[in-house]
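Visitor: Following this line is target15.txt, made up of compact mmCIF, C-alpha atoms:
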# COMPACT_ATOMS: atom_id res chain seq x y z
CA MET A 1 0.00 0.00 0.00
CA PRO A 2 1.52 3.34 -0.99
CA GLY A 3 1.97 5.90 1.79
CA LYS A 4 0.18 9.23 2.01
CA PRO A 5 1.35 11.61 -0.76
CA THR A 6 3.67 14.37 0.44
CA LEU A 7 4.54 17.84 -0.82
CA ASP A 8 7.19 20.28 0.35
CA PHE A 9 6.04 23.90 0.50
CA TRP A 10 9.07 26.20 0.14
CA PHE A 11 8.27 29.73 1.23
CA GLU A 12 9.99 33.00 2.14
CA PHE A 13 8.17 35.50 4.34
CA ALA A 14 9.26 38.41 2.09
CA SER A 15 7.58 36.82 -0.94
CA THR A 16 4.31 38.48 -1.89
CA TYR A 17 2.79 35.58 -3.83
CA SER A 18 3.65 33.24 -0.94
CA TYR A 19 0.99 35.09 1.10
CA PRO A 20 -2.11 33.74 -0.73
CA ALA A 21 -0.36 30.36 -1.11
CA ALA A 22 0.35 30.12 2.63
CA LEU A 23 -3.21 31.04 3.51
CA ARG A 24 -4.84 28.40 1.33
CA ILE A 25 -2.35 25.52 1.11
CA GLY A 26 -3.15 23.92 4.49
CA ALA A 27 -6.86 23.42 3.91
CA LEU A 28 -6.30 22.40 0.29
CA ALA A 29 -3.70 19.75 1.19
CA ARG A 30 -5.88 18.29 3.97
CA GLN A 31 -8.87 18.19 1.61
CA ARG A 32 -6.87 16.37 -1.07
CA GLY A 33 -5.16 14.00 1.39
CA VAL A 34 -1.66 15.38 0.87
CA SER A 35 0.78 15.60 3.76
CA LEU A 36 2.56 18.95 3.73
CA ARG A 37 6.01 19.99 4.92
CA TRP A 38 6.44 23.74 5.48
CA ARG A 39 10.01 24.66 4.46
CA PRO A 40 11.07 28.25 5.18
CA PHE A 41 14.14 29.52 3.31
CA LEU A 42 15.77 32.85 2.44
CA LEU A 43 15.47 34.29 -1.05
CA GLY A 44 18.36 36.74 -0.49
CA PRO A 45 21.16 34.26 -1.26
CA VAL A 46 19.12 32.78 -4.14
CA PHE A 47 18.62 36.21 -5.70
CA LYS A 48 22.27 37.19 -5.13
CA ALA A 49 23.32 34.09 -7.07
CA GLN A 50 21.24 35.50 -9.96
CA GLY A 51 22.93 38.91 -9.64
CA TRP A 52 20.07 40.66 -7.83
CA HIS A 53 20.69 42.61 -4.65
CA ASN A 54 17.07 43.63 -4.21
CA SER A 55 13.66 42.19 -5.03
CA PRO A 56 13.16 41.90 -8.82
CA PHE A 57 9.89 43.78 -8.21
CA ASN A 58 11.94 46.78 -7.09
CA ILE A 59 14.63 46.35 -9.77
CA TYR A 60 12.03 46.20 -12.59
CA PRO A 61 9.39 48.87 -11.82
CA ALA A 62 6.85 47.86 -14.52
CA LYS A 63 6.90 44.31 -13.19
CA GLY A 64 6.63 45.58 -9.62
CA ARG A 65 3.66 47.84 -10.34
CA TYR A 66 1.91 44.94 -12.04
CA MET A 67 2.66 42.50 -9.20
CA TRP A 68 1.06 44.72 -6.53
CA ARG A 69 -2.08 45.13 -8.62
CA ASP A 70 -2.18 41.43 -9.47
CA LEU A 71 -1.76 40.47 -5.81
CA GLU A 72 -4.60 42.80 -4.86
CA ARG A 73 -6.87 41.12 -7.43
CA ILE A 74 -5.88 37.64 -6.20
CA CYS A 75 -6.60 38.54 -2.56
CA ASP A 76 -9.96 40.05 -3.60
CA GLY A 77 -10.80 36.81 -5.39
CA LEU A 78 -9.90 34.74 -2.32
CA ARG A 79 -11.59 37.24 0.03
CA ILE A 80 -8.45 37.64 2.12
CA PRO A 81 -7.36 41.08 3.35
CA PHE A 82 -4.57 42.90 1.55
CA VAL A 83 -2.64 45.99 2.69
CA ARG A 84 0.51 46.84 0.77
CA PRO A 85 3.35 47.17 3.31
CA THR A 86 5.40 50.37 3.16
CA VAL A 87 8.61 48.36 3.69
CA PHE A 88 9.38 45.93 0.86
CA PRO A 89 11.09 43.55 0.87
CA GLN A 90 11.21 43.00 4.61
CA ASN A 91 13.96 41.47 6.73
CA THR A 92 12.65 37.98 7.39
CA ILE A 93 15.58 36.33 9.17
CA LEU A 94 14.12 36.38 12.69
CA ALA A 95 10.63 35.36 11.58
CA SER A 96 12.09 32.50 9.51
CA ARG A 97 14.20 31.24 12.42
CA VAL A 98 11.15 31.36 14.70
CA ALA A 99 9.16 29.49 12.03
CA LEU A 100 11.66 26.61 12.22
CA VAL A 101 11.14 26.38 15.98
CA ALA A 102 7.35 26.58 15.58
CA LEU A 103 7.26 23.98 12.78
CA ALA A 104 9.04 21.48 15.04
CA GLU A 105 6.02 21.88 17.34
CA ALA A 106 2.28 21.82 16.66
CA TRP A 107 1.77 25.56 16.04
CA GLY A 108 4.05 25.99 13.02
CA GLU A 109 1.44 26.43 10.32
CA GLN A 110 -0.53 28.79 12.56
CA PHE A 111 2.57 30.93 13.16
CA CYS A 112 3.48 31.12 9.47
CA ARG A 113 -0.05 32.13 8.50
CA ALA A 114 -0.08 34.78 11.25
CA VAL A 115 3.23 36.26 10.03
CA TYR A 116 1.92 36.51 6.46
CA ALA A 117 -1.37 37.99 7.67
CA ALA A 118 0.50 40.67 9.69
CA GLU A 119 2.75 41.55 6.74
CA PHE A 120 0.39 41.53 3.75
CA GLY A 121 -3.04 41.51 5.41
CA GLU A 122 -2.25 44.42 7.78
CA GLY A 123 0.82 45.97 6.16
CA ARG A 124 2.98 45.59 9.28
CA ASP A 125 6.78 45.24 9.26
CA ILE A 126 7.68 41.71 10.34
CA GLY A 127 11.36 42.73 10.21
CA LEU A 128 10.82 44.48 13.55
CA PRO A 129 11.38 42.09 16.47
CA GLU A 130 8.34 43.58 18.24
CA THR A 131 6.08 42.41 15.41
CA VAL A 132 7.38 38.84 15.76
CA VAL A 133 6.93 39.12 19.55
CA ALA A 134 3.34 40.33 19.09
CA VAL A 135 2.53 37.46 16.71
CA LEU A 136 3.97 34.97 19.22
CA ALA A 137 2.02 36.53 22.09
CA ALA A 138 -1.23 36.41 20.12
CA LEU A 139 -0.65 32.65 19.69
CA GLY A 140 -0.16 32.25 23.45
CA GLN A 141 3.57 31.52 23.13
CA ASP A 142 6.30 32.72 25.50
CA ALA A 143 8.13 35.02 23.07
CA ASP A 144 11.35 35.21 25.12
CA VAL A 145 11.73 31.45 25.27
CA VAL A 146 10.88 30.92 21.61
CA ILE A 147 13.21 33.66 20.35
CA GLU A 148 16.07 32.31 22.45
CA GLN A 149 15.58 28.90 20.80
CA ALA A 150 15.33 30.59 17.40
CA GLN A 151 18.63 32.41 17.84
CA THR A 152 20.76 29.37 18.74
CA ASP A 153 23.59 28.55 16.33
CA GLU A 154 22.02 25.18 15.67
CA ASN A 155 18.79 26.80 14.50
CA LYS A 156 20.56 29.46 12.44
CA ILE A 157 22.44 26.68 10.64
CA ARG A 158 19.15 24.87 10.02
CA LEU A 159 17.81 27.90 8.12
CA ARG A 160 21.03 28.18 6.11
CA ARG A 161 20.79 24.48 5.21
CA ASN A 162 17.19 24.93 4.08
CA THR A 163 18.29 27.72 1.75
CA GLU A 164 21.13 25.58 0.35
CA GLU A 165 18.74 22.66 -0.12
CA ALA A 166 16.28 24.93 -1.95
CA GLN A 167 18.99 26.02 -4.36
CA ALA A 168 20.11 22.43 -4.90
CA LEU A 169 16.50 21.54 -5.80
CA GLY A 170 16.54 24.18 -8.57
CA ILE A 171 14.37 26.64 -6.65
CA PHE A 172 14.79 30.25 -7.86
CA GLY A 173 11.73 31.96 -6.35
CA ALA A 174 8.87 31.57 -3.90
CA PRO A 175 6.47 30.02 -3.31
CA SER A 176 7.76 26.74 -4.70
CA PHE A 177 6.37 23.25 -4.27
CA VAL A 178 8.43 20.06 -4.61
CA ALA A 179 6.85 16.61 -4.85
CA ALA A 180 8.48 13.45 -3.49
CA ASP A 181 9.82 12.62 -6.98
CA GLY A 182 11.56 16.02 -7.19
CA GLU A 183 9.02 17.62 -9.54
CA LEU A 184 9.16 21.40 -9.04
CA PHE A 185 6.31 23.91 -9.27
CA TRP A 186 6.76 27.66 -8.88
CA GLY A 187 4.18 30.27 -7.99
CA ASN A 188 0.87 30.56 -6.18
CA ASP A 189 -0.86 29.77 -9.47
CA ARG A 190 0.83 26.34 -9.60
CA LEU A 191 -0.37 25.29 -6.13
CA ASP A 192 -3.30 23.21 -7.39
CA ALA A 193 -1.17 21.53 -10.07
CA ALA A 194 1.46 20.68 -7.44
CA ILE A 195 -1.12 19.12 -5.12
CA GLU A 196 -2.48 17.03 -7.99
CA TRP A 197 1.02 15.97 -9.03
CA ALA A 198 1.75 14.80 -5.47
CA ARG A 199 -1.42 12.66 -5.53
CA ARG A 200 -0.60 10.83 -8.79
CA MET B 1 -27.15 48.84 -24.38
CA PRO B 2 -23.46 48.22 -23.71
CA GLY B 3 -21.37 46.95 -26.65
CA LYS B 4 -19.65 43.58 -26.83
CA PRO B 5 -16.77 43.34 -24.33
CA THR B 6 -13.32 43.57 -25.91
CA LEU B 7 -9.87 42.37 -24.94
CA ASP B 8 -6.47 43.09 -26.49
CA PHE B 9 -4.18 40.06 -26.72
CA TRP B 10 -0.57 41.24 -26.80
CA PHE B 11 1.77 38.51 -27.99
CA GLU B 12 5.31 37.98 -29.24
CA PHE B 13 6.11 34.94 -31.38
CA ALA B 14 9.33 34.30 -29.40
CA SER B 15 7.39 34.00 -26.14
CA THR B 16 7.01 30.43 -24.93
CA TYR B 17 3.97 30.94 -22.71
CA SER B 18 2.25 32.83 -25.54
CA TYR B 19 2.05 29.48 -27.38
CA PRO B 20 -0.62 27.83 -25.18
CA ALA B 21 -2.36 31.21 -24.81
CA ALA B 22 -2.54 31.72 -28.58
CA LEU B 23 -3.87 28.22 -29.15
CA ARG B 24 -6.74 28.53 -26.66
CA ILE B 25 -7.66 32.23 -26.55
CA GLY B 26 -9.77 32.33 -29.75
CA ALA B 27 -12.24 29.60 -28.76
CA LEU B 28 -12.38 30.83 -25.16
CA ALA B 29 -13.17 34.42 -26.19
CA ARG B 30 -15.86 33.33 -28.64
CA GLN B 31 -17.41 31.06 -25.99
CA ARG B 32 -17.49 33.91 -23.44
CA GLY B 33 -18.72 36.53 -25.92
CA VAL B 34 -15.55 38.62 -25.84
CA SER B 35 -14.29 40.33 -28.97
CA LEU B 36 -10.54 39.87 -29.33
CA ARG B 37 -7.86 42.03 -30.91
CA TRP B 38 -4.60 40.21 -31.70
CA ARG B 39 -1.74 42.66 -31.12
CA PRO B 40 1.75 41.45 -32.12
CA PHE B 41 4.70 43.33 -30.65
CA LEU B 42 8.44 42.81 -30.12
CA LEU B 43 9.81 41.92 -26.70
CA GLY B 44 13.39 42.84 -27.68
CA PRO B 45 13.02 46.60 -27.07
CA VAL B 46 10.95 45.93 -23.92
CA PHE B 47 13.64 43.65 -22.50
CA LYS B 48 16.45 46.04 -23.51
CA ALA B 49 14.69 48.78 -21.51
CA GLN B 50 14.99 46.42 -18.51
CA GLY B 51 18.70 45.84 -19.18
CA TRP B 52 18.31 42.39 -20.77
CA HIS B 53 19.95 41.62 -24.11
CA ASN B 54 18.67 38.05 -24.22
CA SER B 55 15.65 36.12 -22.97
CA PRO B 56 15.52 36.08 -19.15
CA PHE B 57 15.13 32.31 -19.52
CA ASN B 58 18.64 32.20 -21.01
CA ILE B 59 20.07 34.78 -18.59
CA TYR B 60 18.77 32.90 -15.52
CA PRO B 61 19.40 29.18 -16.14
CA ALA B 62 17.41 27.83 -13.15
CA LYS B 63 14.38 29.82 -14.30
CA GLY B 64 14.92 28.68 -17.88
CA ARG B 65 15.15 24.98 -16.97
CA TYR B 66 11.96 25.33 -14.95
CA MET B 67 10.10 27.16 -17.72
CA TRP B 68 10.74 24.44 -20.33
CA ARG B 69 9.52 21.74 -17.95
CA ASP B 70 6.51 23.84 -16.90
CA LEU B 71 5.59 24.53 -20.53
CA GLU B 72 5.82 20.82 -21.31
CA ARG B 73 3.40 20.05 -18.43
CA ILE B 74 1.00 22.80 -19.57
CA CYS B 75 0.96 21.49 -23.16
CA ASP B 76 0.41 17.95 -21.85
CA GLY B 77 -2.55 19.20 -19.82
CA LEU B 78 -4.04 20.97 -22.85
CA ARG B 79 -3.18 18.02 -25.15
CA ILE B 80 -1.31 20.26 -27.58
CA PRO B 81 2.00 19.11 -29.10
CA PHE B 82 5.25 20.44 -27.68
CA VAL B 83 8.74 20.20 -29.17
CA ARG B 84 11.43 22.38 -27.64
CA PRO B 85 13.01 24.38 -30.47
CA THR B 86 16.81 24.24 -30.70
CA VAL B 87 16.94 27.98 -31.47
CA PHE B 88 15.67 30.15 -28.59
CA PRO B 89 14.70 32.93 -28.63
CA GLN B 90 13.93 33.13 -32.35
CA ASN B 91 14.04 36.14 -34.65
CA THR B 92 10.37 37.04 -34.99
CA ILE B 93 10.49 40.28 -36.98
CA LEU B 94 9.35 38.86 -40.33
CA ALA B 95 6.64 36.66 -38.79
CA SER B 96 5.35 39.62 -36.74
CA ARG B 97 5.22 41.88 -39.79
CA VAL B 98 3.35 39.21 -41.74
CA ALA B 99 0.97 38.79 -38.78
CA LEU B 100 0.01 42.48 -39.07
CA VAL B 101 -0.86 41.98 -42.75
CA ALA B 102 -2.80 38.80 -41.97
CA LEU B 103 -4.68 40.35 -39.03
CA ALA B 104 -5.95 43.12 -41.33
CA GLU B 105 -7.59 40.31 -43.32
CA ALA B 106 -9.68 37.30 -42.27
CA TRP B 107 -6.84 34.78 -41.80
CA GLY B 108 -4.88 36.56 -39.06
CA GLU B 109 -5.72 34.33 -36.13
CA GLN B 110 -5.13 31.24 -38.26
CA PHE B 111 -1.70 32.52 -39.32
CA CYS B 112 -0.65 33.34 -35.75
CA ARG B 113 -1.72 29.93 -34.47
CA ALA B 114 0.15 28.24 -37.35
CA VAL B 115 3.36 30.17 -36.56
CA TYR B 116 3.19 29.16 -32.89
CA ALA B 117 2.41 25.54 -33.83
CA ALA B 118 5.44 25.45 -36.16
CA GLU B 119 7.75 26.92 -33.51
CA PHE B 120 6.70 25.18 -30.31
CA GLY B 121 4.57 22.29 -31.61
CA GLU B 122 7.14 21.14 -34.18
CA GLY B 123 10.33 22.85 -32.97
CA ARG B 124 10.92 24.68 -36.27
CA ASP B 125 12.79 27.98 -36.63
CA ILE B 126 10.30 30.68 -37.61
CA GLY B 127 13.22 33.11 -37.92
CA LEU B 128 14.01 31.47 -41.26
CA PRO B 129 12.08 33.15 -44.10
CA GLU B 130 11.39 29.72 -45.64
CA THR B 131 9.44 28.68 -42.52
CA VAL B 132 7.23 31.76 -42.82
CA VAL B 133 6.80 31.04 -46.54
CA ALA B 134 5.82 27.44 -45.78
CA VAL B 135 3.25 28.55 -43.19
CA LEU B 136 1.77 31.02 -45.70
CA ALA B 137 1.66 28.38 -48.43
CA ALA B 138 -0.10 25.90 -46.11
CA LEU B 139 -2.79 28.54 -45.55
CA GLY B 140 -3.21 28.97 -49.32
CA GLN B 141 -1.68 32.45 -49.35
CA ASP B 142 0.60 33.86 -52.04
CA ALA B 143 3.77 34.18 -49.95
CA ASP B 144 5.55 36.59 -52.33
CA VAL B 145 2.66 39.05 -52.33
CA VAL B 146 2.12 38.87 -48.55
CA ILE B 147 5.82 39.26 -47.70
CA GLU B 148 6.11 42.26 -50.02
CA GLN B 149 3.22 43.91 -48.15
CA ALA B 150 4.81 42.92 -44.82
CA GLN B 151 8.13 44.58 -45.70
CA THR B 152 6.74 47.99 -46.66
CA ASP B 153 7.92 50.92 -44.52
CA GLU B 154 4.34 51.60 -43.50
CA ASN B 155 3.96 48.09 -42.10
CA LYS B 156 7.36 48.15 -40.38
CA ILE B 157 6.33 51.36 -38.63
CA ARG B 158 3.05 49.74 -37.58
CA LEU B 159 4.97 47.01 -35.72
CA ARG B 160 7.23 49.59 -34.07
CA ARG B 161 4.16 51.54 -32.95
CA ASN B 162 2.60 48.40 -31.47
CA THR B 163 5.74 47.84 -29.42
CA GLU B 164 5.74 51.46 -28.22
CA GLU B 165 2.04 51.20 -27.34
CA ALA B 166 2.69 47.99 -25.39
CA GLN B 167 5.38 49.71 -23.33
CA ALA B 168 3.12 52.73 -22.72
CA LEU B 169 0.45 50.33 -21.41
CA GLY B 170 2.91 49.00 -18.80
CA ILE B 171 3.50 45.69 -20.61
CA PHE B 172 6.81 44.05 -19.64
CA GLY B 173 6.34 40.48 -20.93
CA ALA B 174 4.13 38.22 -23.03
CA PRO B 175 1.46 37.11 -23.30
CA SER B 176 -0.36 40.14 -21.88
CA PHE B 177 -4.04 40.97 -21.99
CA VAL B 178 -5.45 44.48 -21.69
CA ALA B 179 -9.14 45.19 -21.11
CA ALA B 180 -10.95 48.27 -22.45
CA ASP B 181 -10.51 50.02 -19.06
CA GLY B 182 -6.72 49.51 -19.22
CA GLU B 183 -6.61 46.63 -16.72
CA LEU B 184 -3.48 44.56 -17.44
CA PHE B 185 -3.03 40.81 -17.04
CA TRP B 186 0.25 39.01 -17.68
CA GLY B 187 0.84 35.36 -18.47
CA ASN B 188 -0.97 32.38 -19.91
CA ASP B 189 -2.26 31.60 -16.40
CA ARG B 190 -4.10 34.94 -16.27
CA LEU B 191 -6.00 34.38 -19.54
CA ASP B 192 -9.24 33.24 -17.89
CA ALA B 193 -9.13 36.10 -15.34
CA ALA B 194 -8.61 38.60 -18.18
CA ILE B 195 -11.59 37.24 -20.14
CA GLU B 196 -13.77 37.48 -17.02
CA TRP B 197 -12.55 41.02 -16.31
CA ALA B 198 -13.45 42.09 -19.86
CA ARG B 199 -17.00 40.71 -19.36
CA ARG B 200 -17.70 42.62 -16.11
Could you take the file, read its structure, and then write that structure out as structure tokens?

Guide:
Amino acid sequence: MPGKPTLDFWFEFASTYSYPAALRIGALARQRGVSLRWRPFLLGPVFKAQGWHNSPFNIYPAKGRYMWRDLERICDGLRIPFVRPTVFPQNTILASRVALVALAEAWGEQFCRAVYAAEFGEGRDIGLPETVVAVLAALGQDADVVIEQAQTDENKIRLRRNTEEAQALGIFGAPSFVAADGELFWGNDRLDAAIEWARR
Amino acid sequence: MPGKPTLDFWFEFASTYSYPAALRIGALARQRGVSLRWRPFLLGPVFKAQGWHNSPFNIYPAKGRYMWRDLERICDGLRIPFVRPTVFPQNTILASRVALVALAEAWGEQFCRAVYAAEFGEGRDIGLPETVVAVLAALGQDADVVIEQAQTDENKIRLRRNTEEAQALGIFGAPSFVAADGELFWGNDRLDAAIEWARR
């Protein structure tokens, strides 16, 4: 008997299109019987390897203008709130490290969704430690304890390894989805195709 | 009584994702009661304005590898043939000029679909004049007469104007779709959303 199909969800908190993906992937995967692994990574090193020292949406203004409008339309369609943050892209290192701690426990998905909702649903700056603290507090977590765990060398290395693994998998943007056979899908608009691929 | 909704379909023959869009947009628009304008333009000047002197799929290899695989999956899903052309991107100036002549007559859509089918369905080089001639001949057109019309200064200027208009509309890639109110959609995966927007 084959095991339950699995799918790795590679996301970066600074990634705009990861926001709608993060908000809908959990329910969709459960509905379709796919077991999900949330894999935070950093786009910075990936972009630097492509010669970009900023978000491509800032480097290419026409593309950036379009993306914000497109994201607004997508959020409207999904009936999820959207507020364009004044800071973009945001520093996501602390939030990503905390996500790794959270994902080793039962509240990982909830934390990741809450970070995205703060950033793109309310326009807050998740690069500020106080925003991460507020998200943790709202989830009933002891922020001091969690952040101490997040800032250990061991955990920092874990995030770096995730980023290296993402690059080795051929990932060049977020969100990305990788099936057990290595098949790669990129973009919120490939989420459904990725789930179906995992179920084949 | 409001008129029939309209949508402009901006395409470039060198654009990979324009291939599935071009093959399905005609039937979809007719089905949904949307009147379509086929608008060929050149991506070269648009990319140069963004600092690219080649296709981004060649400049960024990880993105390029992904795109070819993604396109293959999309064509599989639509049950349309796909053969990766050895030449990429292709020189599309002659084919685009001929498209403008064809689109002023009744066989424009048919010609555009045939060019895309030759390039990405059979892997042929549409940059070779003999490929354009063969496509014209297969449609029962007098290739010599059509190409002479295509190469007039007036027609060359028309293509240049299309490209300038595309840039003025905020277009930065292909395929793009622009509704009568100026709303812009980019990519084969936004085709359905663009059709629905036009019908609002």

Visitor: Please find the residues of chain A near chain B - the criterion being any atom within 8 Å, counting only C-alpha atoms - and write them as a PyMOL selection string.

Guide: chain A and resi 50+60+62-63+66+70+170-172+184-185+189

Visitor: In Å, how far is it from atom CA of A:Glu105 to atom CA of A:Trp10?

Guide: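 One can read the atom CA of A:Glu105 to atom CA of A:Trp10 distance as 18.0 Å.
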
Visitor: Which polymer residues, protein or nucleic acid, are no farther than 10 Å from (-8.1, 40.2, -33.0), counting all atoms listed in the file, as a list in words?

Guide: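 Here the neighbourhood of the point contains Thr6, Leu7, Asp8, Phe9, Trp10, Gly26, Ser35, Leu36, Arg37, Trp38, Arg39, Pro40, Leu103, Ala104, Ala106, Gly108 and Glu109 of chain B.
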
Visitor: List the neighbours of A:Glu196 out to 12 Å using all atoms listed in the file; skip same-chain residues closer than 3 positions along the sequence, and give me the result as a count of residues only.

Guide: 20

Visitor: Would you save stretch 9-37 of chain B to a file, keeping C-alpha atoms, as a PDB file, in the first residue's frame?

Guide:
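Result file is selection38.pdb:
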ATOM      1  CA  PHE B   9      -4.183  40.063 -26.721  1.00  0.00           C
ATOM      2  CA  TRP B  10      -0.570  41.245 -26.797  1.00  0.00           C
ATOM      3  CA  PHE B  11       1.767  38.510 -27.988  1.00  0.00           C
ATOM      4  CA  GLU B  12       5.312  37.977 -29.237  1.00  0.00           C
ATOM      5  CA  PHE B  13       6.114  34.944 -31.377  1.00  0.00           C
ATOM      6  CA  ALA B  14       9.329  34.304 -29.401  1.00  0.00           C
ATOM      7  CA  SER B  15       7.395  33.997 -26.136  1.00  0.00           C
ATOM      8  CA  THR B  16       7.013  30.430 -24.926  1.00  0.00           C
ATOM      9  CA  TYR B  17       3.972  30.941 -22.708  1.00  0.00           C
ATOM     10  CA  SER B  18       2.250  32.829 -25.542  1.00  0.00           C
ATOM     11  CA  TYR B  19       2.045  29.483 -27.381  1.00  0.00           C
ATOM     12  CA  PRO B  20      -0.621  27.826 -25.176  1.00  0.00           C
ATOM     13  CA  ALA B  21      -2.357  31.207 -24.808  1.00  0.00           C
ATOM     14  CA  ALA B  22      -2.540  31.724 -28.579  1.00  0.00           C
ATOM     15  CA  LEU B  23      -3.873  28.224 -29.148  1.00  0.00           C
ATOM     16  CA  ARG B  24      -6.739  28.527 -26.658  1.00  0.00           C
ATOM     17  CA  ILE B  25      -7.661  32.230 -26.551  1.00  0.00           C
ATOM     18  CA  GLY B  26      -9.767  32.325 -29.746  1.00  0.00           C
ATOM     19  CA  ALA B  27     -12.236  29.596 -28.765  1.00  0.00           C
ATOM     20  CA  LEU B  28     -12.385  30.833 -25.163  1.00  0.00           C
ATOM     21  CA  ALA B  29     -13.170  34.421 -26.187  1.00  0.00           C
ATOM     22  CA  ARG B  30     -15.864  33.331 -28.641  1.00  0.00           C
ATOM     23  CA  GLN B  31     -17.410  31.063 -25.992  1.00  0.00           C
ATOM     24  CA  ARG B  32     -17.489  33.905 -23.444  1.00  0.00           C
ATOM     25  CA  GLY B  33     -18.723  36.531 -25.921  1.00  0.00           C
ATOM     26  CA  VAL B  34     -15.552  38.618 -25.842  1.00  0.00           C
ATOM     27  CA  SER B  35     -14.285  40.331 -28.969  1.00  0.00           C
ATOM     28  CA  LEU B  36     -10.536  39.871 -29.326  1.00  0.00           C
ATOM     29  CA  ARG B  37      -7.860  42.032 -30.914  1.00  0.00           C
TER      30      ARG B  37
END
